[in-house]
>>> print(open('data_4.cif').read())   # mmCIF, C-alpha atoms and all ligand atoms
data_upload
#
loop_
_atom_site.label_atom_id
_atom_site.label_comp_id
_atom_site.auth_asym_id
_atom_site.auth_seq_id
_atom_site.Cartn_x
_atom_site.Cartn_y
_atom_site.Cartn_z
CA MET A 1 13.68 8.29 12.73
CA SER A 2 12.24 6.08 15.46
CA GLU A 3 11.89 2.30 15.83
CA ARG A 4 10.70 0.04 13.05
CA ILE A 5 6.96 -0.16 12.62
CA LEU A 6 7.26 -3.10 10.22
CA ASP A 7 9.90 -5.78 10.29
CA ALA A 8 9.74 -8.78 7.96
CA SER A 9 12.70 -11.13 8.34
CA GLY A 10 13.88 -14.34 6.71
CA ILE A 11 10.77 -14.53 4.51
CA GLY A 12 10.57 -17.60 2.31
CA VAL A 13 7.66 -18.55 0.02
CA ARG A 14 7.54 -21.50 -2.37
CA PHE A 15 4.95 -22.40 -4.97
CA GLY A 16 5.72 -26.04 -5.67
CA GLY A 17 9.20 -25.94 -7.18
CA ILE A 18 9.24 -22.13 -7.59
CA HIS A 19 11.10 -20.20 -4.92
CA ALA A 20 9.11 -16.96 -5.05
CA LEU A 21 10.94 -15.48 -2.03
CA THR A 22 14.11 -16.68 -0.30
CA ASP A 23 15.34 -15.25 3.00
CA VAL A 24 13.99 -11.76 2.34
CA ASP A 25 14.31 -9.05 4.99
CA LEU A 26 12.38 -5.82 4.76
CA SER A 27 11.71 -3.19 7.39
CA LEU A 28 10.03 0.20 7.55
CA ARG A 29 10.23 3.06 10.00
CA PRO A 30 7.41 5.49 10.72
CA GLY A 31 7.43 8.36 8.23
CA GLU A 32 9.54 6.48 5.70
CA VAL A 33 8.65 6.05 2.01
CA CYS A 34 10.31 2.94 0.61
CA GLY A 35 10.14 1.68 -2.98
CA LEU A 36 10.12 -1.99 -3.93
CA ILE A 37 11.21 -2.63 -7.51
CA GLY A 38 12.36 -5.55 -9.63
CA PRO A 39 11.63 -7.36 -12.87
CA ASN A 40 8.43 -9.29 -13.55
CA GLY A 41 8.23 -12.36 -11.34
CA ALA A 42 10.80 -11.00 -8.85
CA GLY A 43 8.44 -11.63 -5.91
CA LYS A 44 7.14 -8.12 -5.18
CA THR A 45 3.45 -9.01 -5.01
CA THR A 46 4.19 -12.17 -3.05
CA LEU A 47 6.07 -10.06 -0.48
CA PHE A 48 3.13 -7.65 -0.29
CA ASP A 49 0.82 -10.63 0.24
CA VAL A 50 2.99 -11.88 3.09
CA VAL A 51 3.27 -8.47 4.74
CA SER A 52 -0.46 -7.76 4.47
CA GLY A 53 -1.42 -11.25 5.67
CA ILE A 54 -2.98 -12.61 2.48
CA ARG A 55 -0.29 -15.30 2.27
CA ARG A 56 1.44 -17.06 5.14
CA PRO A 57 5.18 -17.50 4.49
CA ASP A 58 6.86 -20.91 4.60
CA GLN A 59 9.73 -19.30 6.49
CA GLY A 60 10.30 -16.12 8.44
CA ARG A 61 8.14 -13.76 10.43
CA VAL A 62 6.48 -10.38 10.20
CA LEU A 63 6.41 -7.96 13.12
CA LEU A 64 4.03 -5.01 13.24
CA ASP A 65 5.09 -2.52 15.89
CA GLY A 66 7.14 -5.25 17.57
CA VAL A 67 4.23 -7.73 17.67
CA ASP A 68 4.55 -10.99 15.72
CA VAL A 69 1.65 -10.90 13.23
CA THR A 70 2.85 -13.72 10.96
CA ARG A 71 -0.24 -15.77 11.75
CA ARG A 72 -2.62 -12.83 12.04
CA SER A 73 -5.29 -12.25 9.39
CA PRO A 74 -5.33 -9.32 6.97
CA VAL A 75 -8.34 -7.97 8.90
CA TRP A 76 -6.46 -8.05 12.19
CA ARG A 77 -3.55 -6.22 10.57
CA ALA A 78 -5.92 -3.67 9.05
CA ARG A 79 -7.44 -3.03 12.47
CA HIS A 80 -3.94 -2.32 13.73
CA GLY A 81 -3.24 0.29 11.10
CA MET A 82 -2.05 -1.60 8.01
CA ARG A 83 -3.70 -0.77 4.66
CA ARG A 84 -3.08 -2.03 1.18
CA THR A 85 -4.10 -1.29 -2.39
CA PHE A 86 -3.99 -3.89 -5.17
CA GLN A 87 -2.62 -4.03 -8.72
CA ARG A 88 -6.16 -4.75 -9.92
CA GLN A 89 -8.63 -2.16 -8.76
CA GLN A 90 -10.98 -3.12 -5.95
CA LEU A 91 -13.36 -0.16 -5.72
CA PHE A 92 -17.10 -0.50 -5.21
CA GLY A 93 -18.05 0.66 -8.71
CA GLN A 94 -21.73 1.15 -7.97
CA LEU A 95 -21.08 3.40 -4.99
CA THR A 96 -20.12 7.05 -5.19
CA VAL A 97 -16.58 8.13 -4.45
CA THR A 98 -17.66 9.50 -1.05
CA ASP A 99 -19.48 6.27 -0.18
CA ASN A 100 -16.34 4.28 -1.01
CA LEU A 101 -14.52 6.34 1.62
CA LEU A 102 -17.34 5.99 4.15
CA VAL A 103 -17.41 2.20 3.75
CA ALA A 104 -13.67 2.14 4.45
CA GLN A 105 -14.35 3.68 7.87
CA GLU A 106 -17.30 1.40 8.73
CA TRP A 107 -15.25 -1.30 10.41
CA ARG A 108 -15.10 0.76 13.59
CA GLY A 109 -18.88 0.39 13.89
CA GLY A 110 -21.18 3.23 14.70
CA GLY A 111 -21.10 2.80 18.47
CA GLY A 112 -24.03 1.80 20.66
CA GLY A 113 -25.00 -1.43 18.85
CA PHE A 114 -28.33 -2.31 17.27
CA GLY A 115 -30.31 -0.06 19.66
CA ALA A 116 -28.38 2.95 18.42
CA ASP A 117 -29.18 1.88 14.84
CA LEU A 118 -32.89 1.89 15.61
CA LEU A 119 -32.93 5.11 17.59
CA ALA A 120 -30.41 7.05 15.48
CA SER A 121 -28.68 8.02 18.72
CA PRO A 122 -26.70 11.28 19.03
CA THR A 123 -23.45 9.28 19.32
CA ARG A 124 -24.26 7.56 16.07
CA ARG A 125 -24.95 10.88 14.37
CA THR A 126 -21.66 12.30 15.69
CA HIS A 127 -19.72 9.33 14.31
CA GLU A 128 -21.44 9.74 10.96
CA ARG A 129 -20.54 13.46 10.89
CA ASP A 130 -16.91 12.71 11.81
CA ARG A 131 -16.62 10.15 9.02
CA ARG A 132 -18.12 12.47 6.43
CA SER A 133 -15.77 15.20 7.57
CA ARG A 134 -12.73 12.89 7.31
CA ALA A 135 -13.92 11.74 3.86
CA SER A 136 -14.16 15.38 2.67
CA THR A 137 -10.68 16.17 4.02
CA VAL A 138 -9.13 13.16 2.28
CA LEU A 139 -10.97 13.89 -0.98
CA ARG A 140 -9.66 17.46 -0.89
CA GLU A 141 -6.08 16.29 -0.17
CA CYS A 142 -6.31 13.85 -3.08
CA GLY A 143 -7.76 16.44 -5.48
CA LEU A 144 -10.98 14.46 -5.83
CA GLU A 145 -13.49 16.95 -4.41
CA GLU A 146 -15.38 17.51 -7.63
CA LEU A 147 -15.76 13.76 -8.15
CA ALA A 148 -17.27 13.17 -4.67
CA ASP A 149 -20.73 12.27 -6.01
CA ASP A 150 -19.60 10.38 -9.13
CA TYR A 151 -19.89 6.62 -9.32
CA ALA A 152 -16.47 5.05 -8.77
CA GLY A 153 -17.04 2.56 -11.60
CA ALA A 154 -17.36 5.38 -14.16
CA LEU A 155 -13.99 7.03 -13.44
CA PRO A 156 -10.98 7.00 -15.77
CA ILE A 157 -8.21 4.73 -14.51
CA GLY A 158 -5.93 7.43 -13.10
CA ARG A 159 -8.73 8.97 -11.04
CA ALA A 160 -9.93 5.54 -9.91
CA ARG A 161 -6.40 4.76 -8.68
CA MET A 162 -6.42 7.99 -6.70
CA VAL A 163 -9.79 7.02 -5.16
CA GLU A 164 -8.21 3.71 -4.13
CA LEU A 165 -5.48 5.63 -2.37
CA ALA A 166 -8.06 7.94 -0.76
CA ARG A 167 -10.02 4.93 0.44
CA ALA A 168 -6.89 3.29 1.86
CA VAL A 169 -6.13 6.39 3.93
CA ALA A 170 -9.72 7.33 4.86
CA ASP A 171 -9.04 5.73 8.21
CA PRO A 172 -5.52 6.99 8.88
CA PRO A 173 -2.99 4.16 8.35
CA ARG A 174 0.30 3.56 10.16
CA VAL A 175 1.63 1.32 7.40
CA LEU A 176 0.48 1.74 3.80
CA LEU A 177 1.27 -0.77 1.05
CA LEU A 178 0.66 0.54 -2.48
CA ASP A 179 0.77 -1.95 -5.35
CA GLU A 180 1.49 -0.09 -8.61
CA PRO A 181 -0.39 3.06 -7.58
CA ALA A 182 0.85 5.14 -10.54
CA SER A 183 -0.09 2.71 -13.29
CA GLY A 184 -2.45 4.39 -15.75
CA MET A 185 -1.89 7.85 -14.24
CA THR A 186 -0.99 10.97 -16.20
CA ALA A 187 2.10 12.99 -15.21
CA ASP A 188 -0.15 15.46 -13.32
CA GLU A 189 -1.84 12.64 -11.47
CA ARG A 190 1.52 11.13 -10.55
CA GLY A 191 2.56 14.51 -9.14
CA GLN A 192 -0.58 14.59 -7.04
CA LEU A 193 0.02 11.00 -5.89
CA SER A 194 3.56 11.92 -4.79
CA ALA A 195 2.26 14.91 -2.86
CA VAL A 196 -0.33 12.81 -1.01
CA VAL A 197 2.21 10.10 -0.14
CA ARG A 198 4.73 12.68 1.08
CA HIS A 199 2.07 14.35 3.21
CA LEU A 200 1.12 11.00 4.78
CA ALA A 201 4.73 10.23 5.59
CA ASP A 202 5.84 13.69 6.72
CA GLU A 203 2.72 14.91 8.53
CA GLU A 204 1.04 11.69 9.68
CA ASP A 205 4.17 9.60 10.32
CA CYS A 206 2.83 6.83 8.10
CA ALA A 207 5.30 4.26 6.73
CA VAL A 208 4.72 3.69 3.01
CA LEU A 209 5.95 0.79 0.90
CA LEU A 210 5.25 0.98 -2.80
CA VAL A 211 5.72 -1.40 -5.67
CA GLU A 212 6.02 0.37 -9.01
CA HIS A 213 7.24 -0.43 -12.49
CA ASN A 214 7.73 3.30 -13.15
CA VAL A 215 11.28 3.39 -11.82
CA ALA A 216 11.79 7.13 -12.37
CA PHE A 217 8.71 7.79 -10.20
CA VAL A 218 10.04 5.51 -7.44
CA MET A 219 13.51 7.03 -7.53
CA GLU A 220 12.11 10.52 -7.13
CA LEU A 221 9.61 9.74 -4.38
CA CYS A 222 11.36 7.15 -2.21
CA ALA A 223 14.09 7.86 0.32
CA ARG A 224 15.03 4.19 0.21
CA VAL A 225 14.67 1.61 -2.53
CA VAL A 226 14.77 -2.19 -2.25
CA VAL A 227 15.42 -4.22 -5.39
CA LEU A 228 14.13 -7.78 -5.63
CA ASP A 229 15.30 -10.23 -8.25
CA LEU A 230 14.31 -13.90 -8.50
CA GLY A 231 12.98 -13.81 -4.94
CA HIS A 232 16.13 -12.35 -3.36
CA VAL A 233 16.99 -8.84 -2.21
CA LEU A 234 19.48 -7.81 -4.86
CA ALA A 235 20.24 -4.34 -3.50
CA GLU A 236 18.98 -1.76 -1.04
CA GLY A 237 19.85 1.89 -0.49
CA THR A 238 19.11 5.42 -1.57
CA ALA A 239 17.92 5.99 -5.12
CA ALA A 240 21.42 7.11 -6.12
CA GLU A 241 23.06 4.06 -4.54
CA VAL A 242 20.65 1.65 -6.20
CA ARG A 243 20.95 3.36 -9.59
CA ALA A 244 24.74 3.12 -9.44
CA ASP A 245 24.78 -0.55 -8.42
CA PRO A 246 26.14 -2.66 -11.31
CA LYS A 247 24.13 -5.72 -10.15
CA VAL A 248 20.92 -3.70 -10.40
CA ARG A 249 21.84 -2.29 -13.78
CA ASP A 250 22.53 -5.78 -15.10
CA ALA A 251 19.41 -7.39 -13.68
CA TYR A 252 16.91 -4.60 -14.11
CA LEU A 253 17.72 -1.00 -14.84
CA GLY A 254 19.64 -1.81 -17.99
CA THR A 255 16.30 -2.72 -19.55
CA THR A 256 14.22 -0.01 -17.89
CA ALA A 257 13.98 3.76 -18.35
CA ALA A 258 15.34 4.93 -14.96
N1 LIG B 1 -0.27 -18.35 -6.91
C1 LIG B 1 0.87 -18.69 -7.49
N2 LIG B 1 1.10 -19.96 -7.89
C2 LIG B 1 2.27 -20.31 -8.48
N3 LIG B 1 3.28 -19.46 -8.71
C3 LIG B 1 3.10 -18.18 -8.33
C4 LIG B 1 1.91 -17.72 -7.71
N4 LIG B 1 2.03 -16.39 -7.46
C5 LIG B 1 3.25 -16.05 -7.90
N5 LIG B 1 3.89 -17.11 -8.42
C6 LIG B 1 5.25 -17.13 -8.96
O1 LIG B 1 6.10 -16.57 -7.96
C7 LIG B 1 7.06 -15.70 -8.55
C8 LIG B 1 6.92 -14.29 -7.98
O2 LIG B 1 5.69 -13.73 -8.46
P1 LIG B 1 5.18 -12.28 -8.04
O3 LIG B 1 3.82 -12.10 -8.66
O4 LIG B 1 5.29 -12.12 -6.58
O5 LIG B 1 6.24 -11.35 -8.78
P2 LIG B 1 6.16 -9.79 -9.05
O6 LIG B 1 7.51 -9.24 -8.80
O7 LIG B 1 5.05 -9.17 -8.30
O8 LIG B 1 5.85 -9.76 -10.62
P3 LIG B 1 5.05 -8.63 -11.48
O9 LIG B 1 5.95 -7.45 -11.54
O10 LIG B 1 4.92 -9.30 -12.83
O11 LIG B 1 3.74 -8.37 -10.82
C9 LIG B 1 6.85 -15.79 -10.05
O12 LIG B 1 7.71 -16.79 -10.56
C10 LIG B 1 5.40 -16.21 -10.17
O13 LIG B 1 5.19 -16.94 -11.38
#
>>> encode(input="data_4.cif", output="structure tokens", more="lines below")
Ligand SMILES: Nc1ncnc2c1ncn2[C@@H]1O[C@H](COP(=O)(O)OP(=O)(O)OP(=O)(O)O)[C@@H](O)[C@H]1O
Amino acid sequence: MSERILDASGIGVRFGGIHALTDVDLSLRPGEVCGLIGPNGAGKTTLFDVVSGIRRPDQGRVLLDGVDVTRRSPVWRARHGMRRTFQRQQLFGQLTVTDNLLVAQEWRGGGGGFGADLLASPTRRTHERDRRSRASTVLRECGLEELADDYAGALPIGRARMVELARAVADPPRVLLLDEPASGMTADERGQLSAVVRHLADEEDCAVLLVEHNVAFVMELCARVVVLDLGHVLAEGTAAEVRADPKVRDAYLGTTAA
């Protein structure tokens, strides 16, 4: 695999007296699927917040494609190919599934400025067609075709989670951060989620980092797994290496169905 697309090093975050993260290193290569696991309060979401730009670390730095983005906004990072989903769903419930995917592509603008808006220029119509076509492709890949015209707010949780994933990849990402994507999904839906993530990594060279409490799901999907505990990296390696690590068993897996 090639150079690192994401490189977070020496990350430290404190909330008053709580050391949420201490000297954490985490890197991703293009096409890699990496799992981030650990007990409640281990620092997983805080690390996601630092990587995606929602929280600035007290120590350390984040490089995206070799560029220091530690002080860059989440929007800047998104424009440079980083996407994220959240533990709590963030869909536009009163829009259809398709419209949720179209909105996700809007940040590029339609081209041609306000004049093109008024005149419905051919360039504008081409962009609109391209976006609809990309939305249909992604909906098909995510098994959501028949829900295209449904309101996102009316979907069962597993389908809504899949729409969140579809929306995150509507504009193709280079780095994708998924926060508990499988929570609330059925076994079939988890299978579909795995297939979409694998496709993104294998065919589109996207680097994927996912936080999940479903350890069996992570172990099956991820080539590499990082275990956080009390704000430190406790272990890192292949699923087999992590599973066999006595420190991990003591701190986490001993109490989890792995
Ligand atoms: N905004 C905040 N203010 C104060 N403390 C916080 C804040 N956010 C997180 N923490 C604390 O930082 C630590 C790490 O929390 P974090 O949410 O990152 O863990 P997590 O691994 O994502 O947990 P979970 O699996 O429960 O989502 C915890 O001790 C948490 O209580």
>>> residues_near_ligand(input="data_4.cif", ligand="ligand LIG 1 (chain B)", cutoff="6 Å", atoms="only C-alpha atoms and all ligand atoms", output="list in words")
Phe15, Ala20, Pro39, Asn40, Gly41, Ala42, Gly43, Lys44, Thr45 and Thr46 of chain A
>>> closest_residue(input="data_4.cif", among="A:Ala152, A:Ala104, A:Cys206, A:Ile157", to="A:Arg132", atoms="only C-alpha atoms")
A:Ala104
>>> residues_around(input="data_4.cif", residues="A:Thr22", least_positions_apart="2", cutoff="8 Å", atoms="only C-alpha atoms", output="JSON, numbers by chain")
{"A": [10, 11, 12, 13, 19, 20, 24, 231, 232]}
>>> write_last_selection(input="data_4.cif", atoms="C-alpha atoms", output="PDB file, keeping the file's coordinate frame")
ATOM      1  CA  GLY A  10      13.880 -14.340   6.710  1.00  0.00           C
ATOM      2  CA  ILE A  11      10.770 -14.530   4.510  1.00  0.00           C
ATOM      3  CA  GLY A  12      10.570 -17.600   2.310  1.00  0.00           C
ATOM      4  CA  VAL A  13       7.660 -18.550   0.020  1.00  0.00           C
ATOM      5  CA  HIS A  19      11.100 -20.200  -4.920  1.00  0.00           C
ATOM      6  CA  ALA A  20       9.110 -16.960  -5.050  1.00  0.00           C
ATOM      7  CA  VAL A  24      13.990 -11.760   2.340  1.00  0.00           C
ATOM      8  CA  GLY A 231      12.980 -13.810  -4.940  1.00  0.00           C
ATOM      9  CA  HIS A 232      16.130 -12.350  -3.360  1.00  0.00           C
TER      10      HIS A 232
END
>>> closest_residue(input="data_4.cif", among="A:Arg198, A:Arg56, A:Arg174, A:Arg190", to="A:Thr70", atoms="only C-alpha atoms")
A:Arg56
>>> atom_distance(input="data_4.cif", atom1="atom CA of A:Leu47", atom2="atom CA of A:Glu203")
26.8 Å
>>> residues_around(input="data_4.cif", residues="stretch 89-101 of chain A", least_positions_apart="5", cutoff="6 Å", atoms="all atoms listed in the file", output="list in words")
Ala135, Ala148, Asp149, Asp150, Tyr151, Ala152, Gly153, Arg167 and Ala170 of chain A
>>> write_last_selection(input="data_4.cif", atoms="C-alpha atoms", output="PDB file, keeping the file's coordinate frame")
ATOM      1  CA  ALA A 135     -13.920  11.740   3.860  1.00  0.00           C
ATOM      2  CA  ALA A 148     -17.270  13.170  -4.670  1.00  0.00           C
ATOM      3  CA  ASP A 149     -20.730  12.270  -6.010  1.00  0.00           C
ATOM      4  CA  ASP A 150     -19.600  10.380  -9.130  1.00  0.00           C
ATOM      5  CA  TYR A 151     -19.890   6.620  -9.320  1.00  0.00           C
ATOM      6  CA  ALA A 152     -16.470   5.050  -8.770  1.00  0.00           C
ATOM      7  CA  GLY A 153     -17.040   2.560 -11.600  1.00  0.00           C
ATOM      8  CA  ARG A 167     -10.020   4.930   0.440  1.00  0.00           C
ATOM      9  CA  ALA A 170      -9.720   7.330   4.860  1.00  0.00           C
TER      10      ALA A 170
END
>>> closest_residue(input="data_4.cif", among="A:Asp245, A:Asp188, A:Glu141, A:Glu128", to="A:Val226", atoms="all atoms listed in the file")
A:Asp245
>>> residues_near_point(input="data_4.cif", point="(6.8, -3.2, -5.7)", cutoff="8 Å", atoms="only C-alpha atoms", output="list of chain:residue names")
A:Gly35, A:Leu36, A:Ile37, A:Gly38, A:Lys44, A:Thr45, A:Phe48, A:Leu178, A:Asp179, A:Glu180, A:Leu209, A:Leu210, A:Val211, A:Glu212, A:His213
>>> closest_residue(input="data_4.cif", among="A:Ala154, A:Ala78, A:Leu26, A:Cys34", to="A:Arg61", atoms="all atoms listed in the file")
A:Leu26
>>> residues_around(input="data_4.cif", residues="stretch 191-195 of chain A", least_positions_apart="5", cutoff="9 Å", atoms="only C-alpha atoms", output="JSON list (two decimals) with C-alpha atoms, keeping the file's coordinate frame")
[["chain", "number", "residue", "atom", "x", "y", "z"],
["A", 141, "GLU", "CA", -6.08, 16.29, -0.17],
["A", 142, "CYS", "CA", -6.31, 13.85, -3.08],
["A", 143, "GLY", "CA", -7.76, 16.44, -5.48],
["A", 162, "MET", "CA", -6.42, 7.99, -6.70],
["A", 165, "LEU", "CA", -5.48, 5.63, -2.37],
["A", 181, "PRO", "CA", -0.39, 3.06, -7.58],
["A", 182, "ALA", "CA", 0.85, 5.14, -10.54],
["A", 186, "THR", "CA", -0.99, 10.97, -16.20],
["A", 200, "LEU", "CA", 1.12, 11.00, 4.78],
["A", 217, "PHE", "CA", 8.71, 7.79, -10.20],
["A", 220, "GLU", "CA", 12.11, 10.52, -7.13],
["A", 221, "LEU", "CA", 9.61, 9.74, -4.38]]
>>> closest_residue(input="data_4.cif", among="A:Glu204, A:Asp229, A:Glu32, A:Glu189", to="A:Arg249", atoms="all atoms listed in the file")
A:Asp229
>>> atom_distance(input="data_4.cif", atom1="atom CA of A:Pro74", atom2="atom CA of A:Ala8")
15.1 Å
>>> closest_residue(input="data_4.cif", among="A:Gly53, A:Gly66, A:Gly81, A:Gly31", to="A:Asp171", atoms="all atoms listed in the file")
A:Gly81
>>> atom_distance(input="data_4.cif", atom1="atom CA of A:Val51", atom2="atom CA of A:Ala216")
24.7 Å
>>> residues_around(input="data_4.cif", residues="A:Arg77", least_positions_apart="6", cutoff="9 Å", atoms="only C-alpha atoms", output="PyMOL selection string")
chain A and resi 52-53+64+69+83
>>> write_last_selection(input="data_4.cif", atoms="C-alpha atoms", output="short mmCIF file (atom, residue, chain, number, x, y, z; two decimals), keeping the file's coordinate frame")
data_model
loop_
_atom_site.label_atom_id
_atom_site.label_comp_id
_atom_site.auth_asym_id
_atom_site.auth_seq_id
_atom_site.Cartn_x
_atom_site.Cartn_y
_atom_site.Cartn_z
CA SER A 52 -0.46 -7.76 4.47
CA GLY A 53 -1.42 -11.25 5.67
CA LEU A 64 4.03 -5.01 13.24
CA VAL A 69 1.65 -10.90 13.23
CA ARG A 83 -3.70 -0.77 4.66
#
>>> axis_aligned_box(input="data_4.cif", around="stretch 96-102 of chain A", padding_each_side="6 Å", output="AutoDock Vina command-line options")
--center_x -17.3 --center_y 6.9 --center_z -0.5 --size_x 17.6 --size_y 17.2 --size_z 21.3
